[in-house]
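Okay, structure first, notes after.
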Amino acid sequence: MRFGLNTFLSNSGFTDTDIHLIQEFKSYGAEVIELAVVDTSRVTPSKILPALKDSELSSPIVCGAFGPGRDLRGSEEARSNTVKYLHELIELADQLESNVICGPFYSETGRANYHTTEEREQQIDRIVSALRPICKRAEATGIILAVEPLNRFETDCINTIDQAIDLINRVDSPALKIHVDTFHMNIEEDDSASAIIKADGHIGHVHASASHRGLLGNDQVDWNSIFSALREINYDGDIVIESFASGNETIAKAASIWRPLYDSPKHFATEGLAFLKDKAYML
Ligand code: LER
Ligand code: MN
């Protein structure tokens, strides 16, 4: 298990101008960095790779961002934009020597509306058809696509681990796994630890995020039971702390961040990583 930090902590999308974050996150105690890539054309692997190696943070996670216009169940244009973006992320991950791409690939974050059962079924069919060839490409590249259920206020599409397992069964590719996020599970699951155990064999990535997206351990997530469950299924992937910089309109809208979640990324990150490492080694 590696413990790490997502670059959304510091800004609204990682680009070449943020390379300094790699060393910064290392100094906070990160063992892996998750690069939140909104625009692939602003990330140059030949510039990033040496910085990752110098900081001993090789093999990053690539986190996809699904803002307006990226939607596998949306208009034809939105669907083709998303397919193109996912292919770009695979190419980028391959060049960055990353093994995992994560995020809510299926739809635009913030799209939450009523749909009839028939409409839902049609939407899932569209998502499955779009994901199959993308997963084939991921399989050929040896990259895992970890799909993240989001809470009901951020999507009406995939909210629970059960729904993610159903999607995985329909796509039927070893490259498609689940990206669990403790914040979303805290809202949607009966019990987050049981949901993790149910997903045994399917979990490709974990976001550690407090119930209020603030300081880990100062919140309502039952971290002991989360770690016991991960231990029970012998999870050996990465656990990345996710929270969001405030004062940024893009992030505020995407993740419903209306007030600052921490005083400084440094304090939030060092305390959070120390908390997670403690929990992991205690159990
Ligand atoms: C992304 O990882 C996530 O958890 C979303 O809630 C962001 O909008
Ligand atoms: Mn997340």
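Ligands are numbered from 1 in the order shown, chains are lettered A, B, ... in the order of the structure tokens, and residues start at 1 in each chain.
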Exercise. For A:Ser59, please output as a list in words all residues within 10 Å (counting only C-alpha atoms; exclusion window: fewer than 2 positions along the same chain).
Key: Val32, Ile33, Glu34, Leu49, Leu52, Lys53, Glu56, Leu57, Ile61, Val62, Ala93, Asp94, Leu96, Glu97, Ser98, Asn99 and Val100 of chain A
Quiz prompt | Site check for ligand 1: residues at most 8 Å away, only C-alpha atoms and all ligand atoms, as a PyMOL selection string | solution = chain A and resi 63+65+102-104+109-110+148+150-151+154+181+183-184+207+242+251+254-256
Any chance you can output those residues with all heavy atoms as a short mmCIF file (atom, residue, chain, number, x, y, z; two decimals), in the first residue's frame?
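Result file follows (again_19.cif):
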```cif
data_model
loop_
_atom_site.label_atom_id
_atom_site.label_comp_id
_atom_site.auth_asym_id
_atom_site.auth_seq_id
_atom_site.Cartn_x
_atom_site.Cartn_y
_atom_site.Cartn_z
N CYS A 63 -5.72 10.94 -12.47
CA CYS A 63 -7.12 11.15 -12.07
C CYS A 63 -7.82 11.94 -13.17
O CYS A 63 -7.39 13.03 -13.53
CB CYS A 63 -7.14 11.92 -10.75
SG CYS A 63 -8.76 12.44 -10.18
N ALA A 65 -10.95 14.10 -14.87
CA ALA A 65 -11.93 15.09 -14.40
C ALA A 65 -13.06 15.17 -15.43
O ALA A 65 -12.79 15.39 -16.62
CB ALA A 65 -11.26 16.44 -14.22
N CYS A 102 -8.11 6.87 -12.63
CA CYS A 102 -9.31 6.78 -11.78
C CYS A 102 -10.27 7.93 -12.07
O CYS A 102 -9.90 8.91 -12.73
CB CYS A 102 -8.89 6.79 -10.31
SG CYS A 102 -8.21 8.36 -9.76
N GLY A 103 -11.50 7.78 -11.56
CA GLY A 103 -12.48 8.86 -11.71
C GLY A 103 -13.85 8.34 -12.12
O GLY A 103 -14.01 7.17 -12.44
N PRO A 104 -14.83 9.23 -12.12
CA PRO A 104 -16.20 8.85 -12.51
C PRO A 104 -16.38 8.93 -14.03
O PRO A 104 -17.03 9.84 -14.55
CB PRO A 104 -17.06 9.89 -11.78
CG PRO A 104 -16.16 11.09 -11.65
CD PRO A 104 -14.74 10.61 -11.61
N THR A 109 -19.85 15.13 -13.87
CA THR A 109 -20.05 15.35 -12.44
C THR A 109 -21.03 16.52 -12.26
O THR A 109 -20.88 17.56 -12.89
CB THR A 109 -18.72 15.68 -11.75
OG1 THR A 109 -17.79 14.67 -12.07
CG2 THR A 109 -18.87 15.77 -10.25
N GLY A 110 -22.02 16.31 -11.40
CA GLY A 110 -23.01 17.36 -11.16
C GLY A 110 -24.30 17.12 -11.92
O GLY A 110 -25.30 17.78 -11.67
N GLU A 148 -15.27 5.40 -10.35
CA GLU A 148 -15.64 5.91 -9.01
C GLU A 148 -17.15 6.19 -8.89
O GLU A 148 -17.67 7.07 -9.58
CB GLU A 148 -14.86 7.21 -8.76
CG GLU A 148 -15.10 7.81 -7.38
CD GLU A 148 -14.32 9.11 -7.18
OE1 GLU A 148 -14.10 9.84 -8.16
OE2 GLU A 148 -13.93 9.38 -6.02
N LEU A 150 -20.12 8.07 -7.28
CA LEU A 150 -20.23 9.38 -6.60
C LEU A 150 -21.56 9.45 -5.86
O LEU A 150 -22.51 8.75 -6.22
CB LEU A 150 -20.19 10.52 -7.62
CG LEU A 150 -18.94 10.69 -8.49
CD1 LEU A 150 -19.11 11.93 -9.38
CD2 LEU A 150 -17.68 10.81 -7.65
N ASN A 151 -21.61 10.31 -4.86
CA ASN A 151 -22.85 10.44 -4.11
C ASN A 151 -23.97 11.03 -4.98
O ASN A 151 -23.73 11.61 -6.03
CB ASN A 151 -22.63 11.28 -2.84
CG ASN A 151 -22.46 12.74 -3.18
OD1 ASN A 151 -23.43 13.44 -3.48
ND2 ASN A 151 -21.22 13.22 -3.18
N GLU A 154 -23.95 14.44 -6.74
CA GLU A 154 -22.99 14.70 -7.83
C GLU A 154 -23.29 13.89 -9.09
O GLU A 154 -22.79 14.20 -10.15
CB GLU A 154 -21.56 14.41 -7.33
CG GLU A 154 -21.12 15.40 -6.29
CD GLU A 154 -19.68 15.21 -5.84
OE1 GLU A 154 -18.82 14.93 -6.68
OE2 GLU A 154 -19.42 15.35 -4.63
N ASP A 181 -14.33 5.71 -2.69
CA ASP A 181 -14.04 6.99 -2.05
C ASP A 181 -14.82 7.01 -0.74
O ASP A 181 -16.05 6.87 -0.73
CB ASP A 181 -14.48 8.13 -3.00
CG ASP A 181 -14.22 9.52 -2.43
OD1 ASP A 181 -14.47 9.73 -1.23
OD2 ASP A 181 -13.83 10.41 -3.20
N PHE A 183 -15.62 9.30 1.26
CA PHE A 183 -16.61 10.38 1.36
C PHE A 183 -17.95 9.97 0.73
O PHE A 183 -19.01 10.10 1.34
CB PHE A 183 -16.06 11.65 0.69
CG PHE A 183 -17.08 12.74 0.47
CD1 PHE A 183 -17.42 13.61 1.49
CD2 PHE A 183 -17.68 12.90 -0.77
CE1 PHE A 183 -18.36 14.62 1.28
CE2 PHE A 183 -18.62 13.91 -0.99
CZ PHE A 183 -18.95 14.77 0.04
N HIS A 184 -17.88 9.45 -0.49
CA HIS A 184 -19.11 9.06 -1.19
C HIS A 184 -19.76 7.85 -0.51
O HIS A 184 -20.98 7.80 -0.35
CB HIS A 184 -18.82 8.76 -2.66
CG HIS A 184 -18.28 9.94 -3.41
ND1 HIS A 184 -19.01 11.09 -3.60
CD2 HIS A 184 -17.08 10.17 -3.98
CE1 HIS A 184 -18.28 11.98 -4.27
NE2 HIS A 184 -17.10 11.44 -4.51
N HIS A 207 -9.81 6.47 -2.58
CA HIS A 207 -9.70 7.84 -2.11
C HIS A 207 -10.05 7.87 -0.64
O HIS A 207 -11.13 7.44 -0.23
CB HIS A 207 -10.68 8.79 -2.84
CG HIS A 207 -10.11 9.36 -4.09
ND1 HIS A 207 -10.87 10.07 -5.00
CD2 HIS A 207 -8.84 9.36 -4.58
CE1 HIS A 207 -10.09 10.47 -6.00
NE2 HIS A 207 -8.86 10.05 -5.77
N GLU A 242 -7.98 12.81 -0.79
CA GLU A 242 -8.58 13.77 -1.71
C GLU A 242 -9.30 14.86 -0.92
O GLU A 242 -10.10 14.59 -0.04
CB GLU A 242 -9.59 13.09 -2.64
CG GLU A 242 -10.23 14.09 -3.60
CD GLU A 242 -11.23 13.44 -4.54
OE1 GLU A 242 -12.23 12.87 -4.06
OE2 GLU A 242 -11.01 13.50 -5.76
N ILE A 251 -13.51 24.09 -9.18
CA ILE A 251 -13.56 23.07 -8.14
C ILE A 251 -14.82 23.22 -7.30
O ILE A 251 -15.50 22.24 -6.98
CB ILE A 251 -12.31 23.17 -7.24
CG1 ILE A 251 -11.12 22.62 -8.00
CG2 ILE A 251 -12.51 22.45 -5.92
CD1 ILE A 251 -9.99 22.18 -7.17
N ALA A 254 -17.70 21.70 -9.18
CA ALA A 254 -17.61 20.24 -9.40
C ALA A 254 -17.82 19.46 -8.11
O ALA A 254 -18.47 18.43 -8.10
CB ALA A 254 -16.26 19.89 -10.02
N ALA A 255 -17.26 19.95 -7.00
CA ALA A 255 -17.27 19.14 -5.78
C ALA A 255 -18.11 19.77 -4.66
O ALA A 255 -18.09 19.29 -3.53
CB ALA A 255 -15.85 18.90 -5.30
N SER A 256 -18.85 20.83 -4.99
CA SER A 256 -19.68 21.54 -3.99
C SER A 256 -18.84 21.98 -2.79
O SER A 256 -19.13 21.64 -1.64
CB SER A 256 -20.85 20.66 -3.51
OG SER A 256 -21.68 20.34 -4.59
#
```
Practice problem: Determine which residues of stretch 71-281 of chain A receive a DSSP assignment of helix (DSSP H, G or I), computed from the backbone, and state them as a ChimeraX atom specification. | Solution: /A:76-95,117-141,161-171,182-188,192-198,223-232,249-255,265-281
Quiz item: Skipping near chain neighbours, those fewer than 2 positions away, what residues fall within 6 Å of stretch 258-269 of chain A using only C-alpha atoms, listed as a list in words?
Solution: Gly214, Ser246, Glu271, Gly272 and Leu273 of chain A
Saved selection, atoms kept: all heavy atoms, as a compact mmCIF listing (two decimals), in the first residue's frame:
```
# COMPACT_ATOMS: atom_id res chain seq x y z
N GLY A 214 -12.70 17.53 4.98
CA GLY A 214 -11.67 18.26 5.71
C GLY A 214 -10.65 17.30 6.30
O GLY A 214 -10.35 16.25 5.71
N SER A 246 -9.80 25.75 -2.02
CA SER A 246 -10.99 26.61 -2.07
C SER A 246 -10.66 27.87 -2.87
O SER A 246 -9.53 28.07 -3.30
CB SER A 246 -11.44 26.98 -0.65
OG SER A 246 -10.42 27.70 -0.02
N GLU A 271 -0.75 16.08 8.32
CA GLU A 271 -1.58 15.47 9.38
C GLU A 271 -2.36 14.27 8.84
O GLU A 271 -2.46 13.24 9.48
CB GLU A 271 -2.59 16.50 9.91
CG GLU A 271 -1.97 17.66 10.64
CD GLU A 271 -1.60 17.31 12.07
OE1 GLU A 271 -2.45 16.75 12.77
OE2 GLU A 271 -0.46 17.61 12.46
N GLY A 272 -2.93 14.45 7.64
CA GLY A 272 -3.76 13.38 7.04
C GLY A 272 -2.93 12.14 6.73
O GLY A 272 -3.35 11.02 7.03
N LEU A 273 -1.76 12.34 6.15
CA LEU A 273 -0.91 11.18 5.81
C LEU A 273 -0.44 10.47 7.08
O LEU A 273 -0.43 9.24 7.14
CB LEU A 273 0.29 11.63 4.96
CG LEU A 273 -0.04 11.97 3.50
CD1 LEU A 273 1.12 12.68 2.83
CD2 LEU A 273 -0.43 10.72 2.71
```
Exercise. Compile the contact shell of A:Asp71 as number ranges by chain: residues with an atom at most 10 Å away, counting only C-alpha atoms, same-chain residues fewer than 5 positions apart removed.
Key: A: 66, 76-83, 104-109, 111, 127
What does the file look like for those residues with N, CA and C atoms, as a compact mmCIF listing (two decimals), in the first residue's frame?
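Output (out-v9.txt):
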```txt
# COMPACT_ATOMS: atom_id res chain seq x y z
N PHE A 66 -14.28 14.99 -14.96
CA PHE A 66 -15.40 14.88 -15.89
C PHE A 66 -16.37 16.04 -15.70
N GLU A 76 -24.15 13.14 -28.49
CA GLU A 76 -23.14 12.45 -29.31
C GLU A 76 -21.79 13.14 -29.16
N GLU A 77 -21.84 14.48 -29.13
CA GLU A 77 -20.60 15.25 -29.02
C GLU A 77 -19.92 14.98 -27.65
N ALA A 78 -20.74 14.97 -26.59
CA ALA A 78 -20.18 14.73 -25.24
C ALA A 78 -19.59 13.33 -25.16
N ARG A 79 -20.28 12.37 -25.81
CA ARG A 79 -19.78 10.98 -25.76
C ARG A 79 -18.45 10.87 -26.50
N SER A 80 -18.39 11.48 -27.68
CA SER A 80 -17.13 11.34 -28.42
C SER A 80 -16.00 12.14 -27.76
N ASN A 81 -16.31 13.28 -27.15
CA ASN A 81 -15.30 14.03 -26.36
C ASN A 81 -14.72 13.15 -25.26
N THR A 82 -15.62 12.44 -24.59
CA THR A 82 -15.20 11.63 -23.43
C THR A 82 -14.34 10.45 -23.87
N VAL A 83 -14.76 9.82 -24.97
CA VAL A 83 -13.99 8.68 -25.49
C VAL A 83 -12.58 9.17 -25.86
N PRO A 104 -14.83 9.23 -12.12
CA PRO A 104 -16.20 8.85 -12.51
C PRO A 104 -16.38 8.93 -14.03
N PHE A 105 -15.81 7.93 -14.75
CA PHE A 105 -15.76 7.98 -16.22
C PHE A 105 -17.11 8.06 -16.92
N TYR A 106 -18.15 7.63 -16.22
CA TYR A 106 -19.43 7.37 -16.91
C TYR A 106 -20.21 8.62 -17.27
N SER A 107 -20.04 9.71 -16.49
CA SER A 107 -20.91 10.86 -16.75
C SER A 107 -20.31 12.15 -16.23
N GLU A 108 -20.98 13.22 -16.58
CA GLU A 108 -20.57 14.55 -16.14
C GLU A 108 -20.85 14.72 -14.64
N THR A 109 -19.85 15.13 -13.87
CA THR A 109 -20.05 15.35 -12.44
C THR A 109 -21.03 16.52 -12.26
N ARG A 111 -24.29 16.15 -12.85
CA ARG A 111 -25.53 15.83 -13.57
C ARG A 111 -26.37 14.89 -12.69
N ILE A 127 -23.03 3.59 -21.87
CA ILE A 127 -21.76 3.63 -21.12
C ILE A 127 -20.98 2.34 -21.35
```
Exercise. Give the strand (DSSP E or B) residues of stretch 69-190 of chain A, as DSSP finds them on the backbone, and put them as a ChimeraX atom specification.
Key: /A:100-103,111,144-147,155,176-181
Self-check item: Nearby residues (only C-alpha atoms) at most 9 Å from A:Arg42, same-chain spacing under 6 positions excluded, as a PyMOL selection string
Solution: chain A and resi 14-17
Quiz item: So, counting only C-alpha atoms, which residue among A:Ala51, A:Leu276, A:Val171, A:Cys135 is closest to A:Leu216?
Solution: A:Leu276
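Between ligand 2 and the candidates A:Tyr235, A:Tyr28, A:Phe8, A:Phe3, the tightest atom-to-atom separation, counting only C-alpha atoms and all ligand atoms, involves A:Phe8.
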Exercise. Would you mind listing what lies within 8 Å of A:Thr182 as a PyMOL selection string, with only C-alpha atoms counted and same-chain residues fewer than 5 positions away left out?
Key: chain A and resi 192+206-211+221
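Comparing A:Ala164, A:Lys253, A:Ala245, A:Tyr281 by their smallest distance to A:Arg231, the closest is A:Tyr281 (using only C-alpha atoms).
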Quiz prompt | Near-A:Lys279 list (8 Å; only C-alpha atoms; drop same-chain fewer than 6 positions) as an MDAnalysis selection string | solution = chainID A and resid 223:224 227
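Closest to A:Ile101 among A:Lys277, A:Arg213, A:Lys136, A:His87 is A:His87, based on only C-alpha atoms.
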